[in-house]
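**Q** mmCIF, C-alpha atoms, file protein39.cif:
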```
data_entry
#
loop_
_atom_site.label_atom_id
_atom_site.label_comp_id
_atom_site.auth_asym_id
_atom_site.auth_seq_id
_atom_site.Cartn_x
_atom_site.Cartn_y
_atom_site.Cartn_z
CA MET P 1 11.17 23.27 5.61
CA SER P 2 9.31 22.74 2.34
CA ARG P 3 7.64 19.48 1.47
CA PRO P 4 9.78 16.88 -0.38
CA GLU P 5 7.63 16.95 -3.54
CA LEU P 6 8.31 20.69 -3.86
CA GLN P 7 12.09 20.32 -3.69
CA ALA P 8 12.86 17.92 -6.55
CA PRO P 9 11.37 15.07 -8.61
CA PRO P 10 11.14 11.84 -6.57
CA GLU P 11 13.81 9.98 -8.55
CA ILE P 12 16.24 12.80 -7.73
CA TYR P 13 15.12 13.61 -4.18
CA TYR P 14 15.39 9.95 -3.14
CA GLY P 15 18.98 9.38 -4.21
CA ASP P 16 21.25 6.78 -2.61
CA THR P 17 21.78 8.72 0.61
CA GLU P 18 18.19 9.86 1.15
CA ALA P 19 16.76 6.42 0.28
CA LYS P 20 18.83 4.71 2.98
CA LYS P 21 18.23 7.52 5.46
CA TYR P 22 14.45 7.34 4.95
CA THR P 23 14.37 3.56 5.30
CA GLN P 24 16.47 3.43 8.46
CA ASN P 25 14.51 6.17 10.25
CA THR P 26 12.44 4.46 12.94
CA ARG P 27 9.81 7.20 12.94
CA ASN P 28 9.30 6.77 9.19
CA GLN P 29 9.02 3.03 9.70
CA GLN P 30 6.33 3.47 12.35
CA ILE P 31 4.31 6.01 10.35
CA GLN P 32 4.52 3.86 7.22
CA ALA P 33 3.39 0.78 9.15
CA ASP P 34 0.47 2.59 10.80
CA MET P 35 -0.81 4.00 7.50
CA THR P 36 -0.36 0.67 5.71
CA TYR P 37 -2.45 -1.16 8.32
CA ARG P 38 -5.11 1.54 8.03
CA ALA P 39 -5.07 1.29 4.22
CA LEU P 40 -5.55 -2.48 4.44
CA GLU P 41 -8.45 -1.94 6.83
CA LEU P 42 -10.10 0.39 4.31
CA LEU P 43 -9.29 -2.05 1.50
CA ASN P 44 -11.43 -4.62 3.32
CA MET P 45 -10.09 -7.68 1.51
CA PRO P 46 -11.71 -11.11 2.13
CA ILE P 47 -10.21 -12.83 5.18
CA ASP P 48 -7.78 -15.75 4.71
CA GLN P 49 -7.36 -15.22 0.96
CA PRO P 50 -3.85 -14.51 -0.44
CA GLY P 51 -4.93 -11.67 -2.71
CA TYR P 52 -2.58 -10.12 -5.26
CA LEU P 53 -2.03 -6.45 -4.38
CA LEU P 54 -0.30 -3.54 -6.10
CA ASP P 55 1.83 -1.25 -3.90
CA ILE P 56 2.02 2.06 -5.76
CA GLY P 57 5.18 3.96 -4.87
CA CYS P 58 6.54 0.98 -2.94
CA GLY P 59 9.87 2.66 -2.21
CA SER P 60 12.20 0.47 -0.17
CA GLY P 61 9.46 -2.00 0.72
CA LEU P 62 8.36 -0.77 4.16
CA SER P 63 4.69 -1.27 3.26
CA GLY P 64 5.57 -4.49 1.45
CA GLU P 65 6.81 -6.02 4.69
CA ILE P 66 3.38 -5.42 6.21
CA LEU P 67 1.73 -7.03 3.17
CA ASP P 68 3.98 -10.06 3.63
CA GLU P 69 3.06 -10.34 7.30
CA GLU P 70 -0.63 -10.12 6.47
CA GLY P 71 -0.36 -12.95 3.94
CA TYR P 72 -0.65 -11.02 0.67
CA ILE P 73 1.29 -11.50 -2.54
CA TRP P 74 2.21 -8.15 -4.04
CA ALA P 75 3.98 -6.24 -6.73
CA GLY P 76 5.48 -2.80 -6.20
CA VAL P 77 6.20 0.10 -8.56
CA ASP P 78 8.41 3.11 -7.90
CA ILE P 79 10.18 5.78 -9.95
CA ALA P 80 13.24 6.06 -7.69
CA PRO P 81 15.97 3.53 -8.62
CA SER P 82 17.77 4.10 -5.31
CA MET P 83 14.65 3.18 -3.35
CA LEU P 84 14.21 -0.04 -5.33
CA GLU P 85 17.88 -0.83 -4.82
CA VAL P 86 17.39 -0.61 -1.05
CA ALA P 87 14.31 -2.84 -1.39
CA LEU P 88 16.40 -5.45 -3.21
CA GLU P 89 19.09 -5.26 -0.53
CA ARG P 90 16.42 -5.85 2.10
CA GLU P 91 15.18 -8.90 0.13
CA VAL P 92 11.50 -8.01 0.09
CA GLU P 93 9.22 -10.71 -1.32
CA GLY P 94 7.25 -8.62 -3.81
CA ASP P 95 7.99 -8.20 -7.51
CA LEU P 96 9.51 -4.76 -8.13
CA PHE P 97 9.09 -2.50 -11.19
CA LEU P 98 10.79 0.77 -12.07
CA GLN P 99 7.84 2.85 -13.26
CA ASP P 100 6.72 6.47 -13.60
CA ILE P 101 3.12 6.18 -12.47
CA GLY P 102 2.33 9.50 -14.15
CA GLN P 103 2.88 7.76 -17.49
CA GLY P 104 0.40 5.03 -16.59
CA PHE P 105 0.70 1.31 -15.91
CA GLY P 106 1.37 -1.48 -18.38
CA PHE P 107 -0.23 -4.36 -16.48
CA ARG P 108 -2.76 -6.68 -18.08
CA PRO P 109 -6.42 -5.85 -17.44
CA GLY P 110 -7.77 -7.33 -14.21
CA SER P 111 -4.36 -8.20 -12.78
CA PHE P 112 -4.85 -7.09 -9.17
CA ASP P 113 -7.31 -7.83 -6.37
CA GLY P 114 -6.57 -4.49 -4.73
CA ALA P 115 -4.08 -1.63 -4.56
CA ILE P 116 -2.66 0.65 -1.88
CA SER P 117 -0.42 3.69 -1.93
CA ILE P 118 1.18 5.55 0.98
CA SER P 119 2.31 9.18 0.65
CA VAL P 120 2.70 9.12 -3.14
CA LEU P 121 -0.21 10.74 -4.97
CA GLN P 122 0.83 14.31 -4.13
CA TRP P 123 3.97 13.85 -6.25
CA LEU P 124 1.76 13.85 -9.37
CA LEU P 125 0.52 17.36 -8.60
CA ASN P 126 3.71 19.12 -9.69
CA ALA P 127 4.57 19.79 -13.34
CA GLU P 128 8.28 19.13 -13.93
CA THR P 129 8.31 20.67 -17.43
CA SER P 130 6.11 23.00 -19.48
CA HIS P 131 5.13 20.20 -21.87
CA PRO P 132 1.37 19.43 -21.85
CA THR P 133 1.99 15.77 -20.97
CA SER P 134 3.75 16.91 -17.79
CA SER P 135 0.71 18.76 -16.44
CA PRO P 136 -0.91 17.32 -13.28
CA PRO P 137 -4.33 16.71 -14.96
CA HIS P 138 -2.71 14.77 -17.82
CA ARG P 139 -0.55 12.65 -15.48
CA LEU P 140 -3.44 12.00 -13.12
CA ASN P 141 -5.65 10.97 -16.03
CA ARG P 142 -3.05 8.46 -17.28
CA PHE P 143 -2.56 7.19 -13.74
CA PHE P 144 -6.23 6.57 -12.92
CA THR P 145 -7.25 5.31 -16.36
CA THR P 146 -4.57 2.61 -16.52
CA LEU P 147 -4.97 1.77 -12.82
CA HIS P 148 -8.69 1.17 -13.31
CA SER P 149 -7.91 -1.19 -16.17
CA ALA P 150 -5.40 -3.15 -14.07
CA MET P 151 -7.92 -3.82 -11.28
CA ARG P 152 -10.24 -6.80 -11.09
CA ASN P 153 -14.00 -6.36 -10.87
CA PRO P 154 -14.96 -5.92 -8.06
CA SER P 155 -12.00 -4.50 -6.13
CA ARG P 156 -10.84 -1.49 -4.13
CA VAL P 157 -7.98 0.99 -4.26
CA VAL P 158 -6.85 2.96 -1.19
CA LEU P 159 -4.48 5.90 -1.72
CA GLN P 160 -3.17 7.86 1.27
CA PHE P 161 -1.77 11.25 0.31
CA TYR P 162 -1.00 14.76 1.57
CA PRO P 163 -3.03 17.40 -0.28
CA SER P 164 -2.05 21.03 0.23
CA SER P 165 -5.53 22.39 -0.59
CA ASP P 166 -9.15 21.42 -1.15
CA ASP P 167 -8.67 22.22 -4.85
CA GLN P 168 -6.14 19.40 -5.12
CA ILE P 169 -8.59 16.98 -3.51
CA GLN P 170 -11.31 18.05 -5.93
CA LEU P 171 -8.98 17.67 -8.93
CA ILE P 172 -7.88 14.18 -7.91
CA THR P 173 -11.35 12.84 -7.09
CA SER P 174 -12.94 14.26 -10.25
CA ILE P 175 -10.31 12.67 -12.52
CA ALA P 176 -10.61 9.34 -10.67
CA GLN P 177 -14.39 9.36 -11.17
CA ARG P 178 -14.03 10.16 -14.88
CA ALA P 179 -11.70 7.16 -15.16
CA GLY P 180 -14.54 4.92 -13.93
CA PHE P 181 -13.93 4.68 -10.19
CA GLY P 182 -16.56 5.07 -7.51
CA GLY P 183 -15.83 6.07 -3.93
CA GLY P 184 -14.46 9.20 -2.32
CA ILE P 185 -12.38 10.78 0.43
CA VAL P 186 -11.95 9.36 3.95
CA VAL P 187 -10.38 11.66 6.56
CA ASP P 188 -9.03 10.30 9.85
CA TYR P 189 -8.84 12.70 12.82
CA PRO P 190 -10.05 15.73 10.81
CA ASN P 191 -9.71 18.09 13.78
CA SER P 192 -6.07 17.28 14.49
CA LYS P 193 -3.22 18.98 12.64
CA LYS P 194 -0.76 16.30 13.71
CA ALA P 195 -2.78 13.09 13.31
CA LYS P 196 -5.00 14.05 10.35
CA LYS P 197 -4.68 11.64 7.41
CA VAL P 198 -6.43 11.75 4.04
CA PHE P 199 -7.30 8.57 2.11
CA LEU P 200 -8.88 8.26 -1.33
CA CYS P 201 -10.97 5.07 -1.17
CA LEU P 202 -11.96 3.96 -4.68
CA PHE P 203 -14.23 1.16 -5.90
CA VAL P 204 -14.14 -0.83 -9.13
CA GLY P 205 -17.43 -2.52 -10.05
CA GLY P 206 -19.66 -4.01 -7.39
CA GLY P 207 -22.07 -1.09 -7.40
CA GLY P 208 -19.49 1.64 -8.09
CA SER P 209 -20.55 4.94 -6.57
CA LYS P 210 -23.42 3.19 -4.70
CA GLN P 211 -20.95 1.44 -2.39
CA HIS P 212 -20.65 2.80 1.12
CA ILE P 213 -17.58 4.96 1.73
CA PRO P 214 -15.95 3.96 5.06
CA GLU P 215 -16.11 6.31 8.03
CA GLY P 216 -13.04 8.29 9.07
CA LEU P 217 -11.59 7.78 12.53
CA GLN P 218 -12.49 10.21 15.29
CA GLY P 219 -11.73 10.72 18.97
CA GLU P 220 -8.36 10.32 20.65
CA GLU P 221 -5.64 11.18 18.19
CA GLN P 222 -2.41 9.94 19.75
CA GLU P 223 -1.18 7.88 22.69
CA ASP P 224 2.57 7.44 23.15
CA ASP P 225 3.20 8.28 19.49
CA LYS P 226 0.79 5.62 18.33
CA ALA P 227 -2.91 5.95 17.62
CA ARG P 228 -5.27 4.08 19.95
CA PHE P 229 -6.99 2.25 17.14
CA GLU P 230 -3.63 0.87 15.97
CA LYS P 231 -2.95 -0.69 19.36
CA ARG P 232 -6.41 -2.25 19.40
CA ARG P 233 -5.93 -3.57 15.87
CA ASP P 234 -2.55 -5.03 16.85
CA ARG P 235 -4.22 -7.08 19.57
CA GLU P 236 -7.03 -8.22 17.28
CA ARG P 237 -4.63 -9.15 14.48
CA SER P 238 -2.53 -11.31 16.77
CA LYS P 239 -5.43 -13.41 18.05
CA SER P 240 -7.86 -15.83 16.47
CA ALA P 241 -11.51 -16.29 17.44
CA ASN P 242 -10.64 -18.54 20.40
CA GLY P 243 -8.32 -15.94 21.89
CA LYS P 244 -5.08 -17.71 21.02
CA ARG P 245 -2.38 -16.17 18.90
CA LYS P 246 -2.98 -17.08 15.28
CA SER P 247 -0.38 -18.39 12.86
CA LEU P 248 0.04 -16.00 9.96
CA LYS P 249 1.62 -18.68 7.79
CA ASP P 250 -0.13 -21.97 8.44
CA ARG P 251 -0.38 -24.88 5.99
CA ASP P 252 -3.48 -23.60 4.17
CA TRP P 253 -1.91 -20.17 3.69
CA ILE P 254 1.30 -21.71 2.30
CA LEU P 255 -0.62 -23.97 -0.12
CA LYS P 256 -2.70 -21.04 -1.42
CA LYS P 257 0.38 -18.90 -1.91
CA LYS P 258 2.24 -21.65 -3.77
CA GLU P 259 -0.77 -22.23 -6.03
CA LEU P 260 -0.97 -18.53 -6.83
CA TYR P 261 2.76 -18.50 -7.65
CA ARG P 262 2.23 -21.41 -10.05
CA LYS P 263 -0.66 -19.61 -11.79
CA ARG P 264 1.58 -16.58 -12.25
CA GLY P 265 4.19 -18.80 -13.93
CA LYS P 266 6.84 -18.46 -11.27
CA GLU P 267 9.58 -21.06 -11.59
CA GLY P 268 11.04 -23.15 -8.79
CA VAL P 269 7.92 -23.40 -6.62
CA PRO P 270 8.47 -26.41 -4.29
CA ASN P 271 6.14 -29.39 -4.65
CA ASP P 272 3.46 -29.94 -2.01
CA SER P 273 4.08 -32.72 0.49
CA LYS P 274 3.02 -33.93 3.92
CA PHE P 275 5.78 -31.76 5.35
CA THR P 276 4.44 -28.54 3.83
CA GLY P 277 3.75 -26.02 6.58
CA ARG P 278 4.95 -28.35 9.32
CA LYS P 279 6.62 -26.53 12.20
CA ARG P 280 10.24 -27.55 12.64
CA LYS P 281 11.67 -28.43 16.01
CA ALA P 282 14.00 -25.95 17.62
CA ILE P 283 17.70 -26.69 17.17
CA PHE P 284 20.03 -25.96 20.07
#
```
For this file, produce the structure as structure tokens.
**A**
Amino acid sequence: MSRPELQAPPEIYYGDTEAKKYTQNTRNQQIQADMTYRALELLNMPIDQPGYLLDIGCGSGLSGEILDEEGYIWAGVDIAPSMLEVALEREVEGDLFLQDIGQGFGFRPGSFDGAISISVLQWLLNAETSHPTSSPPHRLNRFFTTLHSAMRNPSRVVLQFYPSSDDQIQLITSIAQRAGFGGGIVVDYPNSKKAKKVFLCLFVGGGGSKQHIPEGLQGEEQEDDKARFEKRRDRERSKSANGKRKSLKDRDWILKKKELYRKRGKEGVPNDSKFTGRKRKAIF
């Protein structure tokens, strides 16, 4: 079976039926969650800060749910209306935009503290028409140039994708570097056909190309359909320094998130009070 990006443009391939089918598939949910956690690890955001992230190709919001759980505020862009419709039905918390990323972004300069993308970048490598603006180099150039402008200095961008050749990797990295990014490719489990994952880890400012590119994961590739490092990270995420399970949404987190909403001009943000973040008693 051929890859999805070779069958039809994403807005057509992910119609109403396929969008719901993809979202409800438990294997897709698990893979998306695993790669999102790994992307956040590579993003290396400051701890306990509600950063504003961009989810590129957010689809139905599977990655967005992870961002919510980790305490981030986010915006998502996707070209498939049916995917965004499913995201709205699922009531994800992020702001959603219908956007062809190959035409570039229209966000204000320095809008985001970081950006992630899961299984999207390879869609830009197929020309849908013979027009010059539809060529992969032109679309990639618009994508990386406007993305670089939308990022704060310093920040990181982590893009997981499925290249079909080394030439595609070279094309993507060279255009990203010409757009002003530093960084490079990170490959997890390079010797495994099943578990191998490719990430483009990009830097904005903060030393640019002099920054250290993270190491790819090695060793055991799978254990009961889940990578070992994911299980270890699950345990570490769920505990604080004293070994007790941490609260992902404590009072400080809620206050920071509300303040960020106010700065963004969001209406209807509740006022702070002594009851903010207080745990309610169980009702029987």
**Q** As a check of understanding, name the residues that the PyMOL selection byres ((chain P and resi 173) around 12) selects in the supplied structure, as a PyMOL selection string.
**A** chain P and resi 121+137+140-141+144+159+163+166-172+174-186+199-202
**Q** With 5 Å of padding per side, what axis-aligned box (centre and edge lengths, Å, one decimal) covers all the listed atoms of stretch 187-200 of chain P? Give it as lines of an AutoDock Vina configuration file.
**A**
```
center_x = -5.6
center_y = 13.6
center_z = 6.6
size_x = 19.6
size_y = 20.7
size_z = 25.8
```
**Q** Of the residues P:Glu70, P:Asp113, P:Glu65, P:Asp188, which is the one nearest to P:Glu91, using only C-alpha atoms?
**A**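 The shortest atom-to-atom distance to P:Glu91 comes from P:Glu65.
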**Q** Which residue, P:Trp74, P:Phe143, P:Tyr162, P:Tyr22, has the smallest gap to P:Arg3 when you use only C-alpha atoms?
**A**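 Checking each candidate against P:Arg3, we get P:Tyr162 as the closest.
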**Q** Of the residues P:Glu93, P:Val120, P:Asn191, P:Ala115, which is the one nearest to P:Tyr261, using all atoms listed in the file?
**A**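 Once distances to P:Tyr261 are computed over all atoms listed in the file, the minimum belongs to P:Glu93.
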**Q** Which distance in Å separates atom CA of P:Ser111 and atom CA of P:His148, to one decimal?
**A**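 Straight-line distance from atom CA of P:Ser111 to atom CA of P:His148 works out to 10.3 Å.
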**Q** Check the smallest atom-to-atom distance from each of P:Lys274, P:Lys197, P:Lys257, P:Lys263 to P:Gln160 using all atoms listed in the file, then report the winner.
**A**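 The closest residue to P:Gln160 is P:Lys197.
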**Q** Point out the residue among P:Ile47, P:Ile116, P:Val204, P:Val86 with the least atom-to-atom distance to P:Pro154, counting only C-alpha atoms.
**A**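 Checking each candidate against P:Pro154, we get P:Val204 as the closest.
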**Q** Please determine, counting only C-alpha atoms, which residue among P:Glu85, P:Trp253, P:Lys279, P:Gly106 has the shortest atom-to-atom distance to P:Asp68.
**A** P:Trp253
**Q** Translate the PyMOL selection byres ((chain P and resi 82) around 10) into a concrete residue list for this structure, as number ranges by chain.
**A** P: 11-20, 59-60, 78-81, 83-88
**Q** Quote the spacing between atom CA of P:Asp100 and atom CA of P:Ala39 in Å to one decimal place.
**A**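 About the pair atom CA of P:Asp100 and atom CA of P:Ala39: they are 22.0 Å apart.
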**Q** With only C-alpha atoms as the counted atoms, please give the residues lying no more than 10 Å from P:Gly277, apart from itself and same-chain residues fewer than 3 positions off, as a PDB file with C-alpha atoms, in the coordinates of the input.
**A**
```pdb
ATOM      1  CA  LYS P 249       1.620 -18.680   7.790  1.00  0.00           C
ATOM      2  CA  ASP P 250      -0.130 -21.970   8.440  1.00  0.00           C
ATOM      3  CA  ARG P 251      -0.380 -24.880   5.990  1.00  0.00           C
ATOM      4  CA  ASP P 252      -3.480 -23.600   4.170  1.00  0.00           C
ATOM      5  CA  TRP P 253      -1.910 -20.170   3.690  1.00  0.00           C
ATOM      6  CA  ILE P 254       1.300 -21.710   2.300  1.00  0.00           C
ATOM      7  CA  LEU P 255      -0.620 -23.970  -0.120  1.00  0.00           C
ATOM      8  CA  ASP P 272       3.460 -29.940  -2.010  1.00  0.00           C
ATOM      9  CA  SER P 273       4.080 -32.720   0.490  1.00  0.00           C
ATOM     10  CA  LYS P 274       3.020 -33.930   3.920  1.00  0.00           C
ATOM     11  CA  ARG P 280      10.240 -27.550  12.640  1.00  0.00           C
TER      12      ARG P 280
END
```
